[in-house]
Amino acid sequence: MTVIAVTNQKGGVGKTTTAINVGVLLAKAARRQVLLVDSDPQGTLTRQLGIEVRALRVNFVDVSPAGGAPRTPSSPAYTAST
Ligand SMILES: Nc1ncnc2c1ncn2[C@@H]1O[C@H](COP(=O)(O)OP(=O)(O)O)[C@@H](O)[C@H]1O
Ligand SMILES: [Mg+2]
């Protein structure tokens, strides 16, 4: 199994775009099984894959040993579980 992390503290630098395109290309062109893990409380990657983040009963913050990223009142992870 190969793990690829797309990470940068700065927003708007192409993390989500890179993750989606690399993931889809690996799945389609390289015929690899790909699991995309969205650890951003904004849930943009999840939404762009057609999943409604507020409808999820469990999310990355709930399963992360470190508790995931800090929850904020406006984040989907916060509102989905409160
Ligand atoms: N290689 C690229 N060339 C041009 N625009 C890009 C490129 N990668 C991302 N973008 C655009 O930059 C913006 C931020 O990208 P995004 O992937 O959401 O960043 P991040 O996840 O780091 O916040 C989006 O509008 C996206 O369409
Ligand atoms: Mg992003």
# chains A, B, ... in the order shown; residues from 1 in each chain; ligands from 1

call {"tool": "residues_near_ligand", "arguments": {"ligand": "ligand 2", "cutoff": "10 Å", "atoms": "only C-alpha atoms and all ligand atoms", "output": "VMD selection string"}}
result
chain A and resid 6 to 8 10 to 19 38 to 46

call {"tool": "residues_around", "arguments": {"residues": "Val34 of chain A", "least_positions_apart": "5", "cutoff": "9 Å", "atoms": "only C-alpha atoms", "output": "list of chain:residue names"}}
result
A:Gly23, A:Val24, A:Leu26, A:Ala27

call {"tool": "closest_residue", "arguments": {"among": "A:Val53, A:Met1, A:Ile20, A:Val63", "to": "Arg32 of chain A", "atoms": "only C-alpha atoms"}}
result
A:Met1

call {"tool": "closest_residue", "arguments": {"among": "A:Ala66, A:Ala5, A:Val61, A:Ala55", "to": "Val22 of chain A", "atoms": "only C-alpha atoms"}}
result
A:Ala5

call {"tool": "closest_residue", "arguments": {"among": "A:Ser64, A:Leu35, A:Arg57, A:Arg47", "to": "Val3 of chain A", "atoms": "only C-alpha atoms"}}
result
A:Leu35

call {"tool": "closest_residue", "arguments": {"among": "A:Asp62, A:Leu36, A:Lys28, A:Asn21", "to": "ligand 1", "atoms": "only C-alpha atoms and all ligand atoms"}}
result
A:Asn21

call {"tool": "closest_residue", "arguments": {"among": "A:Gly50, A:Arg31, A:Leu25, A:Gln9", "to": "ligand 1", "atoms": "only C-alpha atoms and all ligand atoms"}}
result
A:Gln9

call {"tool": "select_by_dssp", "arguments": {"residues": "chain A", "states": "alpha helix (DSSP H)", "output": "list in words"}}
result
Lys15, Thr16, Thr17, Thr18, Ala19, Ile20, Asn21, Val22, Gly23, Val24, Leu25, Leu26, Ala27, Lys28, Thr44, Leu45, Thr46, Arg47, Gln48, Phe60, Val61, Asp62, Val63, Pro76, Ala77, Tyr78, Thr79 and Ala80 of chain A

call {"tool": "closest_residue", "arguments": {"among": "A:Gln48, A:Pro65, A:Ala29, A:Ile4", "to": "ligand 1", "atoms": "only C-alpha atoms and all ligand atoms"}}
result
A:Gln48
